[in-house]
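Structure file work.txt (compact mmCIF, C-alpha atoms) is printed below.
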```
# COMPACT_ATOMS: atom_id res chain seq x y z
CA MET A 1 0.00 0.00 0.00
CA LYS A 2 2.65 2.47 -1.06
CA PRO A 3 2.04 4.95 -3.87
CA ALA A 4 3.77 4.73 -7.22
CA SER A 5 6.47 7.28 -7.87
CA PHE A 6 5.56 10.94 -8.45
CA ALA A 7 7.17 14.36 -8.48
CA TYR A 8 6.05 16.84 -5.84
CA ALA A 9 5.49 20.50 -6.66
CA ARG A 10 4.61 23.14 -4.14
CA PRO A 11 3.84 26.34 -6.04
CA ASP A 12 4.11 29.70 -4.24
CA THR A 13 1.44 31.43 -6.32
CA LEU A 14 -1.82 30.56 -8.03
CA ASP A 15 -0.25 31.40 -11.41
CA GLU A 16 2.52 28.86 -10.79
CA ALA A 17 -0.08 26.22 -9.91
CA LEU A 18 -2.06 26.95 -13.09
CA GLU A 19 1.14 26.87 -15.14
CA LEU A 20 1.98 23.42 -13.76
CA LEU A 21 -1.50 22.16 -14.65
CA ALA A 22 -1.24 23.62 -18.15
CA GLN A 23 2.12 21.92 -18.58
CA HIS A 24 1.26 18.48 -17.17
CA GLY A 25 -2.49 18.22 -17.87
CA ALA A 26 -3.91 14.80 -17.08
CA GLU A 27 -0.59 13.63 -15.65
CA ALA A 28 -0.89 16.06 -12.74
CA ARG A 29 -3.15 15.79 -9.72
CA VAL A 30 -4.01 18.63 -7.37
CA LEU A 31 -3.26 17.91 -3.72
CA ALA A 32 -4.97 20.02 -1.06
CA GLY A 33 -5.77 18.08 2.13
CA GLY A 34 -5.18 14.70 0.53
CA GLN A 35 -7.76 12.88 2.65
CA SER A 36 -9.26 11.21 -0.43
CA LEU A 37 -6.40 11.56 -2.89
CA ALA A 38 -3.63 10.14 -0.68
CA ALA A 39 -5.74 7.06 0.06
CA MET A 40 -6.24 6.55 -3.69
CA LEU A 41 -2.53 7.13 -4.34
CA ASN A 42 -1.55 4.66 -1.61
CA MET A 43 -3.82 2.03 -3.17
CA ARG A 44 -2.44 2.94 -6.61
CA LEU A 45 -5.93 3.65 -7.92
CA VAL A 46 -4.40 6.81 -9.37
CA GLN A 47 -0.79 7.16 -10.51
CA PRO A 48 -0.10 10.77 -11.51
CA ARG A 49 3.39 11.88 -12.48
CA VAL A 50 3.16 15.16 -10.60
CA LEU A 51 1.37 16.21 -7.43
CA VAL A 52 0.61 19.93 -7.29
CA ASP A 53 0.27 20.85 -3.62
CA ILE A 54 -1.94 23.93 -3.31
CA SER A 55 -2.22 23.81 0.48
CA GLY A 56 0.34 26.59 0.88
CA LEU A 57 -1.44 29.11 -1.36
CA ALA A 58 -2.60 31.80 1.07
CA ARG A 59 -4.91 33.26 -1.59
CA LEU A 60 -6.99 30.07 -1.59
CA ASP A 61 -7.06 29.79 2.20
CA THR A 62 -9.87 32.28 2.80
CA ILE A 63 -13.54 32.19 3.71
CA ASP A 64 -15.45 35.25 2.52
CA ALA A 65 -19.05 36.09 3.20
CA ASP A 66 -21.26 38.82 1.78
CA GLU A 67 -25.03 39.33 1.65
CA THR A 68 -25.60 36.58 -0.88
CA THR A 69 -22.74 34.06 -0.78
CA VAL A 70 -20.24 32.25 1.41
CA THR A 71 -17.09 31.67 -0.65
CA VAL A 72 -14.79 28.90 0.54
CA GLY A 73 -11.31 28.84 -0.99
CA ALA A 74 -9.70 25.65 -2.24
CA SER A 75 -7.23 25.15 0.58
CA VAL A 76 -9.70 25.83 3.41
CA THR A 77 -10.10 22.74 5.58
CA GLN A 78 -13.42 21.39 6.77
CA ALA A 79 -12.27 21.99 10.36
CA ALA A 80 -11.52 25.65 9.55
CA VAL A 81 -15.07 26.12 8.24
CA LEU A 82 -16.47 24.47 11.39
CA ARG A 83 -14.42 26.90 13.51
CA TRP A 84 -15.37 29.92 11.37
CA PRO A 85 -17.38 32.37 13.55
CA GLY A 86 -19.70 33.29 10.66
CA LEU A 87 -20.89 29.76 9.95
CA ALA A 88 -24.38 30.44 11.39
CA VAL A 89 -25.36 32.20 8.11
CA GLN A 90 -25.03 28.81 6.40
CA PRO A 91 -26.98 26.45 8.69
CA LEU A 92 -27.15 23.50 6.27
CA LEU A 93 -23.36 23.50 5.88
CA ALA A 94 -23.03 23.78 9.68
CA ALA A 95 -25.33 20.77 10.15
CA ALA A 96 -23.59 18.60 7.54
CA LEU A 97 -19.92 19.28 8.35
CA PRO A 98 -19.79 17.25 11.59
CA CYS A 99 -20.80 14.21 9.49
CA VAL A 100 -17.91 14.69 7.04
CA GLY A 101 -15.24 12.18 8.05
CA HIS A 102 -13.75 12.30 11.53
CA PRO A 103 -12.20 15.20 13.49
CA GLN A 104 -8.77 13.93 12.44
CA THR A 105 -9.58 13.92 8.71
CA ARG A 106 -11.48 17.23 8.86
CA GLU A 107 -8.29 18.93 10.09
CA ARG A 108 -6.68 18.19 6.72
CA GLY A 109 -9.55 17.54 4.32
CA THR A 110 -10.82 20.55 2.36
CA VAL A 111 -14.33 21.54 1.32
CA CYS A 112 -13.35 22.00 -2.32
CA GLY A 113 -11.36 18.75 -2.32
CA SER A 114 -14.47 16.83 -1.33
CA LEU A 115 -16.40 18.51 -4.16
CA ALA A 116 -13.61 17.73 -6.65
CA HIS A 117 -13.47 14.10 -5.51
CA GLY A 118 -17.18 13.71 -6.35
CA ASP A 119 -18.07 10.71 -4.22
CA PRO A 120 -21.81 10.08 -4.67
CA SER A 121 -22.40 9.57 -0.94
CA ALA A 122 -20.32 12.54 0.24
CA GLU A 123 -22.07 15.23 2.27
CA LEU A 124 -20.55 18.42 0.83
CA PRO A 125 -21.55 17.85 -2.84
CA LEU A 126 -25.08 17.17 -1.55
CA VAL A 127 -25.16 20.41 0.47
CA LEU A 128 -23.85 22.45 -2.48
CA ALA A 129 -26.45 20.87 -4.79
CA VAL A 130 -29.38 21.48 -2.43
CA LEU A 131 -28.35 25.10 -1.92
CA GLY A 132 -27.96 25.58 -5.68
CA GLY A 133 -24.32 26.60 -5.24
CA GLU A 134 -21.50 26.88 -7.74
CA VAL A 135 -17.87 25.86 -8.15
CA VAL A 136 -15.26 28.27 -9.50
CA LEU A 137 -12.77 26.70 -11.89
CA GLN A 138 -9.66 28.39 -13.15
CA LYS A 139 -7.04 27.61 -15.73
CA ARG A 140 -4.38 29.72 -17.36
CA GLY A 141 -6.17 32.73 -18.83
CA ARG A 142 -9.70 31.56 -18.06
CA ARG A 143 -12.03 31.46 -15.09
CA ARG A 144 -15.52 30.02 -15.08
CA ARG A 145 -18.34 29.22 -12.68
CA VAL A 146 -20.25 25.97 -12.89
CA ALA A 147 -23.55 25.23 -11.16
CA ALA A 148 -23.42 22.27 -8.75
CA SER A 149 -26.03 20.48 -10.87
CA ARG A 150 -23.67 20.50 -13.86
CA PHE A 151 -20.41 20.19 -11.93
CA GLN A 152 -20.84 16.64 -10.73
CA ARG A 153 -21.52 14.38 -13.69
CA GLY A 154 -21.27 10.89 -12.24
CA VAL A 155 -19.50 8.66 -9.74
CA MET A 156 -16.24 10.51 -9.01
CA LEU A 157 -16.71 12.30 -12.30
CA THR A 158 -16.84 16.09 -12.44
CA ASP A 159 -16.67 18.90 -14.98
CA ILE A 160 -13.07 19.80 -14.01
CA GLY A 161 -10.88 20.01 -17.12
CA GLU A 162 -7.46 18.38 -16.95
CA ASP A 163 -5.73 21.77 -16.79
CA GLU A 164 -8.27 23.32 -14.43
CA LEU A 165 -8.14 23.98 -10.72
CA VAL A 166 -11.11 24.35 -8.37
CA THR A 167 -10.31 27.67 -6.72
CA SER A 168 -13.42 28.10 -4.57
CA ALA A 169 -16.93 26.92 -3.83
CA LEU A 170 -19.86 29.35 -3.62
CA PHE A 171 -22.58 28.54 -1.08
CA PRO A 172 -25.56 30.87 -1.60
CA VAL A 173 -27.02 32.57 1.45
CA ARG A 174 -30.79 32.75 1.25
CA ARG A 175 -32.80 35.51 2.85
CA GLY A 176 -36.18 35.22 4.51
CA PRO A 177 -37.58 32.54 6.80
CA LEU A 178 -35.91 29.17 6.31
CA GLY A 179 -35.70 25.85 8.10
CA THR A 180 -32.86 23.44 7.42
CA ALA A 181 -32.08 19.86 8.40
CA PHE A 182 -29.40 17.29 7.62
CA ARG A 183 -29.49 13.62 8.55
CA GLU A 184 -27.64 10.51 7.46
CA VAL A 185 -27.34 6.82 8.20
CA SER A 186 -23.82 5.37 8.10
CA PRO A 187 -22.14 2.25 9.50
CA ARG A 188 -20.11 4.40 11.93
CA HIS A 189 -20.37 8.14 12.60
CA GLY A 190 -18.13 9.86 10.05
CA ASP A 191 -18.11 7.03 7.54
CA PHE A 192 -19.55 7.48 4.09
CA ALA A 193 -23.32 7.60 4.31
CA ILE A 194 -25.54 4.74 3.19
CA LEU A 195 -28.02 7.55 2.67
CA ALA A 196 -27.73 11.27 3.44
CA VAL A 197 -30.65 13.72 3.28
CA ALA A 198 -30.48 17.51 3.25
CA ALA A 199 -33.60 19.70 3.32
CA VAL A 200 -34.26 23.43 3.17
CA ALA A 201 -37.83 24.55 3.88
CA ASP A 202 -39.20 27.98 2.99
CA PRO A 203 -42.76 29.30 3.10
CA ALA A 204 -43.50 28.00 -0.43
CA GLY A 205 -42.12 24.48 -0.10
CA VAL A 206 -39.10 22.28 0.56
CA THR A 207 -35.95 21.60 -1.44
CA VAL A 208 -34.71 18.13 -0.54
CA GLY A 209 -31.62 16.28 -1.69
CA PHE A 210 -30.40 12.70 -1.32
CA GLY A 211 -26.83 11.41 -1.37
CA GLY A 212 -25.79 7.80 -1.64
CA ILE A 213 -28.63 6.51 -3.80
CA ALA A 214 -27.79 7.90 -7.25
CA ASP A 215 -24.53 8.63 -9.10
CA THR A 216 -24.84 12.31 -8.19
CA PRO A 217 -26.82 14.20 -5.53
CA LEU A 218 -30.53 13.90 -6.31
CA VAL A 219 -32.35 17.18 -5.64
CA ARG A 220 -36.12 17.70 -5.83
CA ARG A 221 -38.47 20.56 -5.03
CA LEU A 222 -41.68 19.68 -3.19
CA GLY A 223 -44.61 21.76 -1.97
CA HIS A 224 -45.70 21.67 1.67
CA LEU A 225 -47.45 18.31 1.52
CA GLU A 226 -49.71 16.48 3.93
CA ALA A 227 -48.28 13.25 5.35
CA ASP A 228 -49.87 10.91 2.76
CA ALA A 229 -48.94 13.07 -0.21
CA LEU A 230 -45.38 13.43 1.13
CA ALA A 231 -45.10 9.66 1.52
CA ASP A 232 -46.24 9.23 -2.10
CA ALA A 233 -43.77 11.83 -3.33
CA LEU A 234 -40.87 10.22 -1.44
CA ASN A 235 -41.88 6.78 -2.69
CA ALA A 236 -41.77 8.10 -6.26
CA ILE A 237 -38.29 9.58 -5.64
CA ALA A 238 -37.11 6.29 -4.12
CA TRP A 239 -38.15 4.28 -7.17
CA GLU A 240 -36.87 6.92 -9.58
CA ALA A 241 -33.42 6.73 -7.92
CA GLY A 242 -33.49 2.96 -7.57
CA GLY A 243 -30.19 2.69 -5.73
CA ASP A 244 -27.59 -0.05 -5.84
CA SER A 245 -26.89 -2.95 -3.50
CA ASP A 246 -23.42 -3.18 -1.99
CA MET A 247 -21.70 -4.66 1.06
CA HIS A 248 -23.25 -2.02 3.33
CA ALA A 249 -26.90 -2.23 2.31
CA PRO A 250 -29.26 -3.62 -0.34
CA ALA A 251 -30.98 -1.20 -2.71
CA SER A 252 -34.31 -1.85 -0.98
CA TYR A 253 -32.86 -0.52 2.30
CA ARG A 254 -31.68 2.63 0.56
CA ARG A 255 -35.17 3.15 -0.91
CA ARG A 256 -36.67 2.64 2.55
CA LEU A 257 -34.27 5.29 3.90
CA VAL A 258 -35.40 7.72 1.19
CA ARG A 259 -38.96 7.29 2.49
CA ARG A 260 -38.29 7.25 6.24
CA LEU A 261 -35.17 9.41 6.68
CA GLY A 262 -36.46 11.68 3.90
CA ALA A 263 -39.76 12.24 5.73
CA ALA A 264 -38.02 12.80 9.10
CA THR A 265 -35.56 15.29 7.62
CA ILE A 266 -38.25 17.22 5.77
CA ARG A 267 -40.34 17.31 8.94
CA GLU A 268 -37.38 18.63 10.93
CA ALA A 269 -36.71 21.35 8.33
CA CYS A 270 -40.39 22.38 8.26
CA ASP A 271 -40.57 22.43 12.07
CA ALA A 272 -37.53 24.71 12.10
CA LEU A 273 -39.23 27.13 9.66
CA PRO A 274 -40.30 30.24 11.62
CA ARG A 275 -44.05 30.73 11.37
CA ALA A 276 -45.13 33.94 9.66
CA MET B 1 8.31 27.08 -6.07
CA ARG B 2 9.57 23.84 -4.62
CA TYR B 3 9.78 21.08 -7.21
CA LEU B 4 11.04 17.69 -6.05
CA GLU B 5 11.98 15.07 -8.63
CA PRO B 6 10.53 11.58 -8.35
CA ASP B 7 12.67 8.57 -7.37
CA ARG B 8 15.18 10.78 -5.57
CA ARG B 9 15.56 11.38 -1.88
CA HIS B 10 15.12 14.94 -0.66
CA ARG B 11 16.08 16.50 2.64
CA VAL B 12 13.13 16.95 5.02
CA ARG B 13 13.57 19.01 8.20
CA VAL B 14 10.98 19.05 10.94
CA CYS B 15 10.59 20.12 14.53
CA ILE B 16 9.49 16.96 16.27
CA ASN B 17 8.71 16.48 19.95
CA GLY B 18 10.47 19.73 20.72
CA SER B 19 13.71 19.03 18.83
CA SER B 20 14.76 19.55 15.27
CA ALA B 21 15.30 16.45 13.16
CA GLU B 22 16.01 15.73 9.53
CA GLY B 23 16.06 12.84 7.14
CA ASP B 24 15.70 11.99 3.47
CA ALA B 25 12.52 11.02 1.69
CA GLU B 26 11.29 10.41 -1.83
CA PRO B 27 8.18 12.45 -2.68
CA ARG B 28 6.12 9.27 -2.37
CA THR B 29 7.38 8.37 1.13
CA LEU B 30 4.52 8.37 3.63
CA LEU B 31 5.08 10.48 6.73
CA SER B 32 4.35 7.36 8.80
CA ASP B 33 7.23 5.51 7.10
CA PHE B 34 9.50 8.55 7.39
CA LEU B 35 8.87 8.70 11.15
CA ARG B 36 9.48 5.00 11.69
CA HIS B 37 12.24 4.18 9.20
CA GLU B 38 14.09 7.44 8.80
CA LEU B 39 13.74 9.03 12.24
CA GLY B 40 13.48 5.75 14.17
CA LEU B 41 10.31 6.84 15.96
CA THR B 42 8.46 3.54 15.94
CA GLY B 43 5.84 4.58 18.50
CA THR B 44 3.59 5.68 15.61
CA HIS B 45 1.85 2.54 14.42
CA VAL B 46 0.79 1.77 10.87
CA GLY B 47 -2.50 -0.03 10.32
CA CYS B 48 -4.53 0.45 7.16
CA GLU B 49 -2.47 3.02 5.25
CA HIS B 50 -5.57 4.65 3.84
CA GLY B 51 -6.76 6.86 6.66
CA VAL B 52 -9.46 4.66 8.14
CA CYS B 53 -8.01 3.04 11.27
CA GLY B 54 -6.38 6.03 12.98
CA ALA B 55 -3.40 4.11 14.43
CA CYS B 56 -0.87 6.43 12.73
CA THR B 57 -2.43 9.70 13.96
CA VAL B 58 0.14 12.34 14.98
CA LEU B 59 -0.15 16.04 15.76
CA LEU B 60 0.81 18.38 12.92
CA ASP B 61 1.13 21.95 14.20
CA GLY B 62 -0.87 20.84 17.22
CA ARG B 63 -3.77 19.27 15.32
CA PRO B 64 -4.39 15.57 14.69
CA ALA B 65 -3.50 14.20 11.26
CA ARG B 66 -3.20 10.76 9.71
CA SER B 67 0.50 10.31 9.02
CA CYS B 68 -0.33 7.71 6.34
CA LEU B 69 -2.24 10.33 4.34
CA LEU B 70 0.65 12.78 4.37
CA TYR B 71 3.89 12.55 2.44
CA ALA B 72 7.02 13.44 4.36
CA VAL B 73 7.91 16.21 1.88
CA GLN B 74 4.64 17.96 2.74
CA VAL B 75 5.66 18.57 6.35
CA HIS B 76 9.09 20.10 5.66
CA GLY B 77 9.53 22.95 8.13
CA ARG B 78 6.47 22.03 10.19
CA THR B 79 6.03 21.00 13.82
CA LEU B 80 5.10 17.44 14.73
CA THR B 81 4.30 15.62 17.93
CA THR B 82 4.29 11.84 18.14
CA VAL B 83 3.55 9.55 21.05
CA GLU B 84 7.23 9.67 22.02
CA GLY B 85 6.74 13.37 22.80
CA LEU B 86 4.12 12.77 25.48
CA ALA B 87 6.16 11.30 28.33
CA ALA B 88 9.30 13.06 27.20
CA GLY B 89 10.62 13.55 30.74
CA GLY B 90 9.95 9.91 31.61
CA GLU B 91 6.76 10.67 33.52
CA LEU B 92 3.44 9.71 31.94
CA THR B 93 0.99 12.52 31.15
CA GLY B 94 -2.29 12.69 33.04
CA LEU B 95 -4.04 11.18 30.05
CA GLN B 96 -1.60 8.28 29.82
CA GLN B 97 -2.00 7.61 33.54
CA ALA B 98 -5.80 7.67 33.15
CA LEU B 99 -5.61 5.08 30.33
CA ALA B 100 -3.52 2.85 32.58
CA ARG B 101 -5.87 3.33 35.55
CA HIS B 102 -8.95 2.43 33.51
CA HIS B 103 -7.37 -0.54 31.73
CA ALA B 104 -7.96 1.25 28.43
CA VAL B 105 -4.92 -0.39 26.82
CA GLN B 106 -5.05 -4.00 25.75
CA CYS B 107 -2.96 -5.00 22.73
CA GLY B 108 -1.79 -1.39 22.44
CA PHE B 109 -1.74 -1.17 18.66
CA CYS B 110 -4.27 1.66 18.39
CA THR B 111 -3.09 3.42 21.57
CA PRO B 112 -0.50 5.86 20.14
CA GLY B 113 -2.99 7.31 17.66
CA ILE B 114 -5.75 7.56 20.24
CA LEU B 115 -3.39 9.29 22.68
CA MET B 116 -2.59 11.94 20.09
CA SER B 117 -6.26 12.67 19.27
CA LEU B 118 -7.23 12.81 22.94
CA THR B 119 -4.18 14.94 23.83
CA CYS B 120 -5.35 17.53 21.30
CA LEU B 121 -8.93 17.37 22.63
CA LEU B 122 -7.74 17.92 26.21
CA GLU B 123 -5.62 20.89 25.15
CA GLN B 124 -8.16 22.53 22.86
CA GLU B 125 -11.35 21.77 24.77
CA PRO B 126 -10.69 21.17 28.45
CA GLY B 127 -14.45 21.43 29.06
CA ALA B 128 -15.29 18.69 26.53
CA GLY B 129 -17.92 16.15 27.55
CA GLU B 130 -18.65 12.55 26.62
CA GLU B 131 -20.07 13.42 23.21
CA ARG B 132 -16.86 15.16 22.11
CA VAL B 133 -14.75 12.32 23.50
CA ARG B 134 -16.79 9.78 21.54
CA GLU B 135 -16.51 11.92 18.42
CA ALA B 136 -12.72 12.06 18.77
CA LEU B 137 -12.62 8.29 19.30
CA SER B 138 -14.86 7.70 16.26
CA GLY B 139 -11.78 8.33 14.13
CA HIS B 140 -9.98 5.34 15.64
CA ILE B 141 -10.55 1.62 15.40
CA CYS B 142 -9.85 -0.42 18.54
CA ARG B 143 -10.73 -4.10 18.41
CA CYS B 144 -9.88 -4.90 22.05
CA THR B 145 -11.37 -2.49 24.55
CA GLY B 146 -14.89 -1.93 23.24
CA TYR B 147 -14.10 1.80 23.75
CA GLU B 148 -15.88 2.09 27.11
CA ALA B 149 -12.66 2.08 29.12
CA LEU B 150 -11.20 4.64 26.69
CA VAL B 151 -14.19 6.94 27.17
CA ARG B 152 -13.95 6.60 30.95
CA ALA B 153 -10.23 7.28 30.91
CA ALA B 154 -10.61 10.38 28.72
CA LEU B 155 -13.40 11.78 30.90
CA ASP B 156 -11.30 11.11 33.99
CA ALA B 157 -8.35 12.95 32.44
CA LEU B 158 -10.64 15.83 31.44
CA ASP B 159 -11.87 16.08 35.03
CA GLY B 160 -8.27 16.48 36.09
CA THR B 161 -7.67 19.44 33.76
CA ASP B 162 -9.90 21.98 35.47
```
Re-express the file's structure as C-alpha cells.
Amino acid sequence: MKPASFAYARPDTLDEALELLAQHGAEARVLAGGQSLAAMLNMRLVQPRVLVDISGLARLDTIDADETTVTVGASVTQAAVLRWPGLAVQPLLAAALPCVGHPQTRERGTVCGSLAHGDPSAELPLVLAVLGGEVVLQKRGRRRRVAASRFQRGVMLTDIGEDELVTSALFPVRRGPLGTAFREVSPRHGDFAILAVAAVADPAGVTVGFGGIADTPLVRRLGHLEADALADALNAIAWEAGGDSDMHAPASYRRRLVRRLGAATIREACDALPRA
Amino acid sequence: MRYLEPDRRHRVRVCINGSSAEGDAEPRTLLSDFLRHELGLTGTHVGCEHGVCGACTVLLDGRPARSCLLYAVQVHGRTLTTVEGLAAGGELTGLQQALARHHAVQCGFCTPGILMSLTCLLEQEPGAGEERVREALSGHICRCTGYEALVRAALDALDGTD
C-alpha cells in the first residue's frame, strides 16, 4: 500500500499552480488536504506523475461572506469552516460538516477537495447541490463558474478540465424565513453515508436532496405536503433513484431510507421554519 | 516554487517532539514511514495506510492528522508531535495515567494514535464532555477495549484538567 512514484510540486502562487497544470495536464493531480487523494494514491488507484500541492497558497485559504454568498477557498479545511465564527449564516453547511469524516480527517480535508473528488455519498456535494451553489474553476487565462447540478456528472466524475483547478466553492445565502435539516445513516459516525438527506424549507415548499442513492446528488423541489402526499412523493423519488446494492446495504434498504429518513428530515426542516 | 523530482531522496527538516530532526525522503514516502524508518520513531503505528483506522495519527502543528495520508515532503519545516513526545521527561501525562488506571490499553496497537487525538482534545477543549470524546474516538478503530474504558479514561483525564 505504497504509492507509485511521483514528483512533488509546491507552487508559491496561483499562477505557478495553473502553469503546472497547463504543462502536465492529465498527468498532474491537485493535492490540497489529501484525505481522499492520498488514500487513492496509496492504493495505486491513481498514478499521476506530478502532485501539485496547493495547500500553501494563502490566496486560496480564505472564507469570505457577503449578503448573498459564502465563498470557501480551495485550501480551506473542513475543520476551519467548522471553527469559522460566521458559519451560522449557512446552517445547512453547519449541520452537515460534523458528518464529514472524523475530526482527524477534517483537520486536513478541504471543502473544495471533497467537491472535486465527487463521491456520490459525500455530504458536501449534496449540500452544495441542495443550496444551488457553484464551483469556481480556473485555468491559465480563463475562469468560469459551474452550477453544482452541472459540476458533478457521475461517480467521481466532475466537470473539471485536466488543466483546471477548483479555486473556490460558492454557497448561496438565502434571505427570509428558512428551516434546514441534515441527517444521514452510516455504518459508523463519520463514515460514508448509506443515505444522506439535506432539506431546506421555505414558506413555499421544501428543497430536498439525497446522497448515496444515485450517481450524483438527487435534488427535488416539493410543496408543503400532507403526510400521505409526502409519503407518495418520497416513494416516487425512491423508485426513480433505484439505488444499488453493496456490502453495506441492499438497494431496498436505501429506498426505505429515502422514504423514512427523507420524511423525518423534511419534517425537521419544516418544524424549524419560523411561522409567519 | 519547490519542485522535487521523483525517485530521488530529498532533505526533510521538521521540529518533532520539541527538537529539530532531519532525514531523506522520496516524494512518495509516507510520513508514517518517514517517522518510523528514517527518524526511528516507531511509536507511531501503521495499520490500514488509507486513513481509516487512525493508528498512525500524529499532531501536525498541534492538530491531529493521519501520518499515512501525508507525504514526508509535505511537512518540511512544520512541527510534529508523536507519542514519544508525550512522556518526554519519563513521567506519563495525566491522560496516559488515566488510560492505565482504567485498563484502556489491551494489545496497544491503536493506543499511540488515540493518545494523540485525545491529547489535542484535552488541550483545545478542556471542558469537553462525553459526546466530544466519543466523536474524537470515532476516528480510531480499537478491536480490544470496546471503547468504554477509553471513554472513561478520557473523561477522567478531562476532570483532572480543570
Kindly assemble as a tab-separated table a list of the stretch 9-97 of chain A residues that lie within 10 Å of stretch 19-29 of chain B, each paired with its nearest atom pair and their distance in Å to one decimal, using all atoms listed in the file, sorted first by chain and then by ascending residue number.
```
residue	atom	partner	partner_atom	distance
A:Ala9	CA	B:Pro27	CA	9.4
A:Ala38	CA	B:Arg28	CA	9.9
A:Leu41	CA	B:Arg28	CA	9.1
A:Asn42	CA	B:Arg28	CA	9.0
A:Val50	CA	B:Pro27	CA	9.8
A:Leu51	CA	B:Pro27	CA	9.1
```
(message) For a quick check of your reading of the model, name the residues lying within 9 Å of the coordinate (-7.6, -3.1, 28.3), counting only C-alpha atoms, and write them as JSON, numbers by chain.
(response) {"B": [99, 100, 102, 103, 104, 105, 106, 107, 108, 144, 145, 146, 149, 150]}
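What chain A places within 6 Å of chain B, counting all atoms listed in the file, is Ser5, Phe6, Ala7, Tyr8, Ala9, Arg10, Pro11, Asp12, Ala38, Ala39, His102 and Gln104 of chain A.
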(request) Mind giving me the straight-line distance from atom CA of A:Val219 to atom CA of A:Val130 in Å, one decimal? (result) 6.1 Å
Could you pull the residues within 9 Å of A:Ser149, counting only C-alpha atoms, minus those fewer than 3 positions along the same chain, as a PDB file with C-alpha atoms, keeping the file's coordinate frame?
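out00.pdb written:
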```
ATOM      1  CA  LEU A 128     -23.850  22.450  -2.480  1.00  0.00           C
ATOM      2  CA  ALA A 129     -26.450  20.870  -4.790  1.00  0.00           C
ATOM      3  CA  GLY A 132     -27.960  25.580  -5.680  1.00  0.00           C
ATOM      4  CA  GLY A 133     -24.320  26.600  -5.240  1.00  0.00           C
ATOM      5  CA  GLU A 134     -21.500  26.880  -7.740  1.00  0.00           C
ATOM      6  CA  VAL A 146     -20.250  25.970 -12.890  1.00  0.00           C
ATOM      7  CA  GLN A 152     -20.840  16.640 -10.730  1.00  0.00           C
ATOM      8  CA  ARG A 153     -21.520  14.380 -13.690  1.00  0.00           C
ATOM      9  CA  THR A 216     -24.840  12.310  -8.190  1.00  0.00           C
ATOM     10  CA  PRO A 217     -26.820  14.200  -5.530  1.00  0.00           C
ATOM     11  CA  VAL A 219     -32.350  17.180  -5.640  1.00  0.00           C
TER      12      VAL A 219
END
```
(request) Show which residues sit within 9 Å of A:Val30, as a list in words. Count only C-alpha atoms, and ignore same-chain residues fewer than 2 positions away. (result)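 The residues satisfying every condition are Ala17, Leu21, Ala28, Ala32, Gly34, Leu37, Val50, Leu51, Val52, Asp53, Ile54, Gly113 and Leu165 of chain A.
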